[in-house]
file run-v9.cif (mmCIF, C-alpha atoms)
data_my_file
#
loop_
_atom_site.group_PDB
_atom_site.id
_atom_site.type_symbol
_atom_site.label_atom_id
_atom_site.label_comp_id
_atom_site.auth_asym_id
_atom_site.auth_seq_id
_atom_site.Cartn_x
_atom_site.Cartn_y
_atom_site.Cartn_z
ATOM 1 C CA MET A 15 24.660 55.808 22.323
ATOM 2 C CA THR A 16 23.684 52.223 23.234
ATOM 3 C CA GLY A 17 25.851 50.610 25.932
ATOM 4 C CA GLU A 18 27.334 47.128 25.904
ATOM 5 C CA PRO A 19 24.918 44.296 26.815
ATOM 6 C CA THR A 20 25.093 43.166 30.425
ATOM 7 C CA PRO A 21 26.186 39.582 31.217
ATOM 8 C CA CYS A 22 22.573 38.742 32.009
ATOM 9 C CA GLN A 23 21.422 40.092 28.642
ATOM 10 C CA ARG A 24 24.139 38.141 26.813
ATOM 11 C CA SER A 25 23.130 34.947 28.615
ATOM 12 C CA THR A 26 19.469 35.500 27.760
ATOM 13 C CA THR A 27 20.381 36.105 24.112
ATOM 14 C CA ARG A 28 22.429 32.890 23.942
ATOM 15 C CA THR A 29 19.612 30.895 25.550
ATOM 16 C CA ALA A 30 17.070 32.333 23.105
ATOM 17 C CA ALA A 31 19.374 31.449 20.204
ATOM 18 C CA LEU A 32 19.646 27.860 21.429
ATOM 19 C CA GLU A 33 15.877 27.565 21.799
ATOM 20 C CA THR A 34 15.395 28.445 18.125
ATOM 21 C CA MET A 35 17.743 25.711 16.922
ATOM 22 C CA PRO A 36 16.306 22.629 15.203
ATOM 23 C CA PRO A 37 16.059 19.657 17.623
ATOM 24 C CA GLU A 38 18.615 17.622 15.684
ATOM 25 C CA VAL A 39 21.182 20.436 15.958
ATOM 26 C CA LEU A 40 20.517 20.861 19.671
ATOM 27 C CA ASP A 41 20.907 17.105 20.167
ATOM 28 C CA CYS A 42 24.374 17.302 18.594
ATOM 29 C CA ILE A 43 25.333 20.093 20.999
ATOM 30 C CA VAL A 44 24.065 18.209 24.065
ATOM 31 C CA GLN A 45 26.402 15.294 23.227
ATOM 32 C CA PHE A 46 29.406 17.535 24.004
ATOM 33 C CA VAL A 47 28.086 19.060 27.237
ATOM 34 C CA ASP A 48 30.061 17.956 30.315
ATOM 35 C CA ALA A 49 28.792 16.960 33.754
ATOM 36 C CA ASP A 50 29.261 20.450 35.216
ATOM 37 C CA SER A 51 27.167 22.061 32.485
ATOM 38 C CA ILE A 52 24.346 19.602 31.812
ATOM 39 C CA ILE A 53 22.110 20.691 34.740
ATOM 40 C CA PRO A 54 22.409 24.461 34.002
ATOM 41 C CA LEU A 55 21.703 23.745 30.331
ATOM 42 C CA CYS A 56 18.594 21.751 31.182
ATOM 43 C CA HIS A 57 17.359 24.534 33.453
ATOM 44 C CA SER A 58 17.912 27.100 30.697
ATOM 45 C CA LEU A 59 16.252 25.145 27.893
ATOM 46 C CA PRO A 60 12.746 23.763 28.427
ATOM 47 C CA SER A 61 13.309 21.290 25.575
ATOM 48 C CA CYS A 62 16.182 19.687 27.569
ATOM 49 C CA LYS A 63 14.498 19.692 30.973
ATOM 50 C CA TYR A 64 13.505 16.048 30.520
ATOM 51 C CA ILE A 65 17.194 15.068 30.809
ATOM 52 C CA SER A 66 17.709 16.538 34.290
ATOM 53 C CA THR A 67 14.264 15.336 35.384
ATOM 54 C CA ALA A 68 15.080 11.744 34.422
ATOM 55 C CA MET A 69 18.558 12.037 35.976
ATOM 56 C CA LEU A 70 17.134 13.207 39.299
ATOM 57 C CA ASP A 71 14.410 10.565 39.255
ATOM 58 C CA PHE A 72 17.001 7.816 38.737
ATOM 59 C CA ALA A 73 19.372 9.157 41.419
ATOM 60 C CA GLN A 74 16.577 9.408 43.982
ATOM 61 C CA ARG A 75 15.725 5.728 43.532
ATOM 62 C CA PHE A 76 19.196 4.793 44.825
ATOM 63 C CA PRO A 77 19.946 7.215 47.696
ATOM 64 C CA LEU A 78 22.751 5.073 49.133
ATOM 65 C CA GLU A 79 24.792 5.657 45.962
ATOM 66 C CA TYR A 80 25.082 9.419 46.674
ATOM 67 C CA TYR A 81 25.170 10.079 42.939
ATOM 68 C CA THR A 82 26.848 13.210 41.565
ATOM 69 C CA PRO A 83 26.361 14.519 37.994
ATOM 70 C CA SER A 84 29.824 13.210 37.015
ATOM 71 C CA GLU A 85 28.609 9.664 37.745
ATOM 72 C CA LEU A 86 25.525 10.120 35.617
ATOM 73 C CA TRP A 87 26.696 12.250 32.680
ATOM 74 C CA PRO A 88 27.925 11.846 29.977
ATOM 75 C CA ASP A 89 28.327 8.212 31.104
ATOM 76 C CA MET A 90 26.023 6.476 33.560
ATOM 77 C CA TYR A 91 27.327 4.192 36.318
ATOM 78 C CA LEU A 92 24.736 1.739 37.523
ATOM 79 C CA PRO A 93 24.489 0.782 41.212
ATOM 80 C CA MET A 94 25.828 -2.539 42.410
ATOM 81 C CA ILE A 95 23.315 -3.243 45.179
ATOM 82 C CA GLN A 96 19.788 -1.861 45.206
ATOM 83 C CA ASN A 97 18.098 -3.876 47.906
ATOM 84 C CA THR A 98 19.688 -6.913 49.513
ATOM 85 C CA ASN A 99 16.267 -8.531 49.854
ATOM 86 C CA SER A 100 15.064 -7.834 46.315
ATOM 87 C CA LYS A 101 14.460 -10.740 43.960
ATOM 88 C CA MET A 102 13.896 -10.811 40.225
ATOM 89 C CA THR A 103 10.137 -10.990 40.787
ATOM 90 C CA ASP A 104 9.773 -8.121 43.251
ATOM 91 C CA PHE A 105 12.275 -5.563 41.942
ATOM 92 C CA PRO A 106 10.486 -2.211 42.450
ATOM 93 C CA ILE A 107 8.699 -1.187 39.275
ATOM 94 C CA HIS A 108 9.521 2.490 39.868
ATOM 95 C CA HIS A 109 13.233 1.665 39.978
ATOM 96 C CA MET A 110 12.881 -0.276 36.735
ATOM 97 C CA HIS A 111 11.082 2.590 35.018
ATOM 98 C CA ALA A 112 13.594 5.224 36.172
ATOM 99 C CA THR A 113 16.490 3.039 35.013
ATOM 100 C CA ARG A 114 14.885 2.396 31.645
ATOM 101 C CA VAL A 115 14.088 6.066 30.963
ATOM 102 C CA TYR A 116 17.407 7.598 31.994
ATOM 103 C CA SER A 117 19.714 4.916 30.563
ATOM 104 C CA ARG A 118 18.110 5.382 27.164
ATOM 105 C CA ILE A 119 18.637 9.139 27.358
ATOM 106 C CA VAL A 120 22.333 8.627 28.119
ATOM 107 C CA SER A 121 22.607 6.129 25.269
ATOM 108 C CA LYS A 122 20.833 8.521 22.886
ATOM 109 C CA TYR A 123 23.484 11.179 23.503
ATOM 110 C CA GLY A 124 26.439 8.825 23.003
ATOM 111 C CA GLY A 125 27.183 8.025 26.644
ATOM 112 C CA ASN A 126 28.176 4.597 27.937
ATOM 113 C CA ILE A 127 26.109 2.623 30.420
ATOM 114 C CA HIS A 128 28.612 1.120 32.887
ATOM 115 C CA VAL A 129 27.316 -2.059 34.501
ATOM 116 C CA PRO A 130 29.013 -3.838 37.449
ATOM 117 C CA CYS A 131 29.260 -7.627 37.557
ATOM 118 C CA SER A 132 26.597 -8.281 40.157
ATOM 119 C CA LYS A 133 23.658 -10.643 40.416
ATOM 120 C CA ASN A 134 21.542 -7.643 41.438
ATOM 121 C CA VAL A 135 22.081 -6.004 38.035
ATOM 122 C CA LEU A 136 20.261 -8.882 36.384
ATOM 123 C CA ASN A 137 17.153 -7.593 38.197
ATOM 124 C CA TYR A 138 16.885 -4.761 35.710
ATOM 125 C CA VAL A 139 18.929 -5.914 32.714
ATOM 126 C CA ASP A 140 15.829 -5.881 30.502
ATOM 127 C CA ALA A 141 15.415 -2.175 31.253
ATOM 128 C CA LEU A 142 18.867 -1.325 29.875
ATOM 129 C CA PRO A 143 19.783 -0.332 26.308
ATOM 130 C CA ASP A 144 21.297 -2.895 23.963
ATOM 131 C CA PHE A 145 24.875 -1.525 24.249
ATOM 132 C CA LEU A 146 26.628 -1.686 27.637
ATOM 133 C CA SER A 147 30.078 -1.491 29.218
ATOM 134 C CA VAL A 148 30.895 -4.062 31.905
ATOM 135 C CA HIS A 149 33.304 -3.794 34.841
ATOM 136 C CA PRO A 150 34.021 -5.727 38.087
ATOM 137 C CA GLY A 151 31.420 -5.621 40.824
ATOM 138 C CA ASP A 152 30.696 -7.467 44.062
ATOM 139 C CA ASN A 153 31.271 -10.964 42.640
ATOM 140 C CA ARG A 154 34.667 -11.494 40.988
ATOM 141 C CA SER A 155 34.717 -15.287 41.011
ATOM 142 C CA SER A 156 34.652 -17.187 37.735
ATOM 143 C CA SER A 157 31.207 -18.587 38.585
ATOM 144 C CA GLY A 158 29.926 -15.098 39.312
ATOM 145 C CA TRP A 159 31.212 -13.814 35.992
ATOM 146 C CA ALA A 160 29.772 -16.807 34.131
ATOM 147 C CA GLU A 161 26.294 -16.260 35.600
ATOM 148 C CA PHE A 162 26.434 -12.514 34.928
ATOM 149 C CA LEU A 163 27.611 -12.825 31.318
ATOM 150 C CA CYS A 164 25.040 -15.541 30.708
ATOM 151 C CA GLY A 165 22.319 -13.127 31.840
ATOM 152 C CA LEU A 166 23.578 -10.450 29.453
ATOM 153 C CA ALA A 167 23.769 -12.938 26.576
ATOM 154 C CA ASP A 168 20.250 -14.216 27.279
ATOM 155 C CA ALA A 169 19.065 -10.595 27.117
ATOM 156 C CA ASN A 170 20.858 -10.122 23.743
ATOM 157 C CA LYS A 171 23.050 -7.289 25.040
ATOM 158 C CA GLN A 172 26.111 -6.072 23.131
ATOM 159 C CA ILE A 173 29.231 -5.046 25.032
ATOM 160 C CA GLN A 174 31.280 -1.957 24.188
ATOM 161 C CA SER A 175 33.919 -2.786 26.803
ATOM 162 C CA CYS A 176 34.216 -5.748 29.176
ATOM 163 C CA ARG A 177 36.808 -5.476 31.944
ATOM 164 C CA VAL A 178 37.479 -8.560 34.073
ATOM 165 C CA ASP A 179 39.714 -8.486 37.158
ATOM 166 C CA ALA A 180 40.637 -12.150 37.446
ATOM 167 C CA ASP A 181 42.719 -14.625 39.393
ATOM 168 C CA SER A 182 43.298 -17.471 36.981
ATOM 169 C CA ALA A 183 45.437 -19.412 39.432
ATOM 170 C CA TYR A 184 42.440 -20.289 41.621
ATOM 171 C CA ASN A 185 39.497 -20.356 39.212
ATOM 172 C CA ASP A 186 38.234 -22.339 36.246
ATOM 173 C CA TRP A 187 37.377 -19.884 33.477
ATOM 174 C CA SER A 188 36.050 -22.339 30.885
ATOM 175 C CA GLU A 189 32.389 -21.415 31.511
ATOM 176 C CA VAL A 190 33.266 -17.707 31.339
ATOM 177 C CA ALA A 191 34.980 -18.333 27.998
ATOM 178 C CA LYS A 192 31.827 -20.041 26.749
ATOM 179 C CA GLN A 193 29.643 -17.079 27.738
ATOM 180 C CA LEU A 194 32.046 -14.578 26.158
ATOM 181 C CA THR A 195 31.541 -16.318 22.815
ATOM 182 C CA ARG A 196 27.785 -15.759 23.109
ATOM 183 C CA LEU A 197 28.260 -11.990 23.232
ATOM 184 C CA GLN A 198 29.345 -9.305 20.793
ATOM 185 C CA ILE A 199 32.252 -7.521 22.525
ATOM 186 C CA HIS A 200 34.211 -4.600 21.076
ATOM 187 C CA SER A 201 36.937 -4.422 23.739
ATOM 188 C CA LEU A 202 37.990 -7.099 26.249
ATOM 189 C CA VAL A 203 40.188 -5.965 29.166
ATOM 190 C CA TRP A 204 41.632 -8.875 31.155
ATOM 191 C CA ARG A 205 43.507 -7.896 34.319
ATOM 192 C CA ASP A 206 45.036 -10.891 36.013
ATOM 193 C CA GLU A 207 47.815 -10.910 38.578
ATOM 194 C CA GLY A 208 48.720 -14.435 37.528
ATOM 195 C CA TYR A 209 48.289 -15.120 33.834
ATOM 196 C CA LEU A 210 45.701 -15.063 31.076
ATOM 197 C CA ALA A 211 43.693 -18.269 31.290
ATOM 198 C CA VAL A 212 44.221 -20.495 28.252
ATOM 199 C CA GLU A 213 40.459 -20.977 27.922
ATOM 200 C CA ILE A 214 39.968 -17.221 27.557
ATOM 201 C CA GLN A 215 42.624 -16.787 24.866
ATOM 202 C CA ASP A 216 41.269 -19.798 22.978
ATOM 203 C CA ALA A 217 37.859 -18.085 22.949
ATOM 204 C CA PHE A 218 39.147 -14.864 21.307
ATOM 205 C CA PRO A 219 38.454 -15.916 17.681
ATOM 206 C CA SER A 220 34.871 -16.859 18.567
ATOM 207 C CA ILE A 221 33.995 -13.544 20.236
ATOM 208 C CA SER A 222 31.947 -11.573 17.735
ATOM 209 C CA GLY A 223 33.239 -8.096 16.880
ATOM 210 C CA LEU A 224 36.362 -8.289 19.083
ATOM 211 C CA HIS A 225 38.390 -5.231 18.046
ATOM 212 C CA HIS A 226 40.661 -4.643 21.052
ATOM 213 C CA ILE A 227 42.299 -6.796 23.738
ATOM 214 C CA GLU A 228 44.073 -5.544 26.855
ATOM 215 C CA VAL A 229 46.281 -7.752 29.038
ATOM 216 C CA GLN A 230 49.077 -7.056 31.513
ATOM 217 C CA VAL A 231 52.252 -8.202 29.736
ATOM 218 C CA PRO A 232 53.203 -9.841 26.400
ATOM 219 C CA GLU A 233 53.824 -13.159 28.175
ATOM 220 C CA ASP A 234 50.064 -13.366 28.803
ATOM 221 C CA ILE A 235 49.595 -14.109 25.097
ATOM 222 C CA THR A 236 50.515 -17.668 24.163
ATOM 223 C CA GLU A 237 52.419 -18.032 20.892
ATOM 224 C CA ASN A 238 49.927 -19.798 18.636
ATOM 225 C CA ASP A 239 47.532 -18.860 15.850
ATOM 226 C CA THR A 240 44.775 -17.531 18.131
ATOM 227 C CA LEU A 241 45.276 -13.840 17.318
ATOM 228 C CA SER A 242 45.598 -14.511 13.592
ATOM 229 C CA ARG A 243 42.140 -16.108 13.632
ATOM 230 C CA CYS A 244 40.517 -12.990 15.144
ATOM 231 C CA VAL A 245 39.097 -11.366 12.023
ATOM 232 C CA ASN A 246 38.206 -8.004 13.630
ATOM 233 C CA LEU A 247 41.109 -7.624 16.057
ATOM 234 C CA LYS A 248 43.023 -4.393 15.312
ATOM 235 C CA GLU A 249 44.555 -3.328 18.650
ATOM 236 C CA ILE A 250 46.275 -4.938 21.630
ATOM 237 C CA SER A 251 47.334 -3.225 24.873
ATOM 238 C CA PHE A 252 49.890 -4.206 27.517
ATOM 239 C CA MET A 253 49.320 -2.153 30.663
ATOM 240 C CA GLN A 254 52.407 -3.281 32.626
ATOM 241 C CA LEU A 255 54.895 -3.084 29.785
ATOM 242 C CA LEU A 256 57.152 -0.278 31.018
ATOM 243 C CA HIS A 257 57.941 -2.062 34.299
ATOM 244 C CA ASN A 258 59.787 -4.855 32.479
ATOM 245 C CA ALA A 259 60.795 -3.139 29.267
ATOM 246 C CA SER A 260 63.914 -4.020 27.340
ATOM 247 C CA ALA A 261 65.082 -3.890 23.748
ATOM 248 C CA GLY A 262 63.931 -7.491 23.313
ATOM 249 C CA VAL A 263 60.358 -6.872 24.449
ATOM 250 C CA VAL A 264 59.353 -5.359 21.095
ATOM 251 C CA GLN A 265 60.658 -8.399 19.229
ATOM 252 C CA ASP A 266 58.676 -10.540 21.656
ATOM 253 C CA ILE A 267 55.463 -8.574 21.003
ATOM 254 C CA LEU A 268 55.863 -8.637 17.227
ATOM 255 C CA ARG A 269 56.508 -12.373 17.324
ATOM 256 C CA ARG A 270 53.340 -12.985 19.345
ATOM 257 C CA ILE A 271 51.105 -10.860 17.060
ATOM 258 C CA LYS A 272 52.668 -12.116 13.809
ATOM 259 C CA GLY A 273 50.047 -13.092 11.250
ATOM 260 C CA SER A 274 47.294 -11.126 12.992
ATOM 261 C CA ARG A 275 45.439 -8.027 11.710
ATOM 262 C CA ILE A 276 46.662 -5.915 14.643
ATOM 263 C CA GLN A 277 47.645 -2.403 13.543
ATOM 264 C CA LYS A 278 48.031 -0.710 16.922
ATOM 265 C CA VAL A 279 49.985 -1.728 20.043
ATOM 266 C CA SER A 280 49.478 0.260 23.249
ATOM 267 C CA CYS A 281 51.122 0.454 26.648
ATOM 268 C CA GLU A 282 50.621 2.461 29.830
ATOM 269 C CA THR A 283 51.833 6.065 30.088
ATOM 270 C CA PRO A 284 54.804 6.835 32.372
ATOM 271 C CA SER A 285 53.847 6.904 36.042
ATOM 272 C CA PRO A 286 54.574 10.097 38.047
ATOM 273 C CA ALA A 287 56.029 7.905 40.799
ATOM 274 C CA SER A 288 58.638 6.394 38.453
ATOM 275 C CA TYR A 289 58.631 8.936 35.647
ATOM 276 C CA ARG A 290 62.363 8.950 34.806
ATOM 277 C CA ILE A 291 62.654 5.151 34.709
ATOM 278 C CA ASP A 292 59.433 4.787 32.743
ATOM 279 C CA MET A 293 60.490 7.426 30.219
ATOM 280 C CA GLU A 294 63.772 5.624 29.636
ATOM 281 C CA ALA A 295 61.830 2.406 29.058
ATOM 282 C CA LEU A 296 59.430 4.182 26.716
ATOM 283 C CA ASP A 297 62.312 5.643 24.716
ATOM 284 C CA THR A 298 63.802 2.168 24.339
ATOM 285 C CA ILE A 299 60.500 0.654 23.226
ATOM 286 C CA SER A 300 59.761 3.522 20.848
ATOM 287 C CA SER A 301 63.179 3.195 19.198
ATOM 288 C CA GLU A 302 62.736 -0.549 18.708
ATOM 289 C CA PHE A 303 59.211 -0.188 17.326
ATOM 290 C CA LEU A 304 60.398 2.445 14.860
ATOM 291 C CA LYS A 305 62.990 0.022 13.449
ATOM 292 C CA HIS A 306 60.112 -2.247 12.437
ATOM 293 C CA GLY A 307 57.885 0.468 10.943
ATOM 294 C CA TRP A 308 55.777 1.213 14.038
ATOM 295 C CA HIS A 309 55.453 4.907 14.909
ATOM 296 C CA MET A 310 54.552 6.296 18.324
ATOM 297 C CA GLN A 311 51.488 8.536 18.303
ATOM 298 C CA LYS A 312 51.653 11.811 20.211
ATOM 299 C CA TYR A 313 50.055 11.481 23.628
ATOM 300 C CA HIS A 314 48.924 13.943 26.309
ATOM 301 C CA ALA A 315 49.244 14.007 30.094
ATOM 302 C CA GLU A 316 45.608 13.001 30.567
ATOM 303 C CA ASP A 317 45.932 9.954 28.294
ATOM 304 C CA ASP A 318 46.161 6.507 29.891
ATOM 305 C CA LYS A 319 47.885 4.880 26.917
ATOM 306 C CA VAL A 320 50.807 5.356 24.558
ATOM 307 C CA CYS A 321 50.016 3.978 21.101
ATOM 308 C CA PHE A 322 52.304 2.594 18.408
ATOM 309 C CA VAL A 323 50.783 2.348 14.938
ATOM 310 C CA TYR A 324 52.105 0.282 12.067
ATOM 311 C CA GLN A 325 52.673 2.289 8.891
ATOM 312 C CA HIS A 326 53.068 0.410 5.654
ATOM 313 C CA SER A 327 56.015 1.443 3.524
#

call {"tool": "encode", "arguments": {"input": "run-v9.cif", "output": "structure tokens"}}
result
Amino acid sequence: MTGEPTPCQRSTTRTAALETMPPEVLDCIVQFVDADSIIPLCHSLPSCKYISTAMLDFAQRFPLEYYTPSELWPDMYLPMIQNTNSKMTDFPIHHMHATRVYSRIVSKYGGNIHVPCSKNVLNYVDALPDFLSVHPGDNRSSSGWAEFLCGLADANKQIQSCRVDADSAYNDWSEVAKQLTRLQIHSLVWRDEGYLAVEIQDAFPSISGLHHIEVQVPEDITENDTLSRCVNLKEISFMQLLHNASAGVVQDILRRIKGSRIQKVSCETPSPASYRIDMEALDTISSEFLKHGWHMQKYHAEDDKVCFVYQHS
């Protein structure tokens, strides 16, 4: 009587089965592999070894980053500073090649390339794929952002998500607004302790492909026709809504988005530090939204947003 296969035999059988799969099927599977599993998978399948090889080659070019797999897969986080003395003309060619090869692998499998706002990044912007996500880096001034976004626009990059940590009270954002209109941006996240600069809001309708906007509070959005002129805008998020929630806040939001194509309004999830208070605020907001035909979507503990979706009668 034949005994049960050993764990080693079962693992070998699974690996052999994967090796016989068509490349397009295997590519679909790789898209769903997490950071803890990508290296073992690459070591098991010769056809995937090029992924871990390119990952290691990229990480070794930037030893001061101390990269871990979770920072390189499924998304890739680019370094802020490579060499303080490097200039556009003498950026190491091996660094450029490693960046080009691995970033395109990540992009192929549906991962995002996260790029910090830094003059150094412009050293290798031509090596990056066409679609990027942008976040704050070592230069958060309006002039720094303007120069950085200008470099991305000149390189014809498209932005999946652009997050700006701003201080509108002490900066002129008109040049940043101009550069935003030169880019195709799916999601714009504007985090400002003061207020949303008027120049930025006025630029919204001219930003190609703008689907989602995130600000701190409803008061950041000036009551005018700006949102109604955004032809692709479908979602708006307020990530400090629960701290100042009241029954009137929903009326305020609906008044500010009136005439727009927005179909989803989001806010932050309740904080563990103020869970009871935040839940009471969320209940109030949810009840008010429901009166106007907006239904709260079910959310999970790991989510960072609670979404309200408008349902036509």

call {"tool": "residues_around", "arguments": {"input": "run-v9.cif", "residues": "stretch 193-200 of chain A", "least_positions_apart": "3", "cutoff": "12 Å", "atoms": "all atoms listed in the file", "output": "ChimeraX atom specification"}}
result
/A:144-148,156-178,187-190,203,213-228,246-249

call {"tool": "resolve_selection", "arguments": {"input": "run-v9.cif", "expression": "the PyMOL selection byres ((chain A and resi 113) around 8)", "output": "ChimeraX atom specification"}}
result
/A:72,109-112,114-117,138,141-142

call {"tool": "closest_residue", "arguments": {"input": "run-v9.cif", "among": "A:Cys244, A:Ala261, A:Ala295, A:Ile65", "to": "A:Ser274", "atoms": "all atoms listed in the file"}}
result
A:Cys244

call {"tool": "residues_around", "arguments": {"input": "run-v9.cif", "residues": "A:Pro77", "least_positions_apart": "2", "cutoff": "12 Å", "atoms": "only C-alpha atoms", "output": "list in words"}}
result
Leu70, Asp71, Phe72, Ala73, Gln74, Arg75, Glu79, Tyr80, Tyr81, Thr82, Pro93, Ile95, Gln96, Asn97 and His109 of chain A

call {"tool": "atom_distance", "arguments": {"input": "run-v9.cif", "atom1": "atom CA of A:Asn258", "atom2": "atom CA of A:Val231"}}
result
8.7 Å

call {"tool": "residues_near_point", "arguments": {"input": "run-v9.cif", "point": "(53.9, 7.9, 25.1)", "cutoff": "8 Å", "atoms": "all atoms listed in the file", "output": "PyMOL selection string"}}
result
chain A and resi 282-284+296+310-314+319-321

call {"tool": "residues_around", "arguments": {"input": "run-v9.cif", "residues": "A:Glu237", "least_positions_apart": "4", "cutoff": "10 Å", "atoms": "only C-alpha atoms", "output": "list in words"}}
result
Pro232, Glu233, Leu241, Asp266, Ile267, Arg269, Arg270, Ile271 and Lys272 of chain A

call {"tool": "residues_around", "arguments": {"input": "run-v9.cif", "residues": "A:Asp48", "least_positions_apart": "2", "cutoff": "8 Å", "atoms": "all atoms listed in the file", "output": "PDB file with C-alpha atoms, in the coordinates of the input"}}
result
ATOM      1  CA  PHE A  46      29.406  17.535  24.004  1.00  0.00           C
ATOM      2  CA  ASP A  50      29.261  20.450  35.216  1.00  0.00           C
ATOM      3  CA  SER A  51      27.167  22.061  32.485  1.00  0.00           C
ATOM      4  CA  ILE A  52      24.346  19.602  31.812  1.00  0.00           C
ATOM      5  CA  TRP A  87      26.696  12.250  32.680  1.00  0.00           C
ATOM      6  CA  PRO A  88      27.925  11.846  29.977  1.00  0.00           C
TER       7      PRO A  88
END
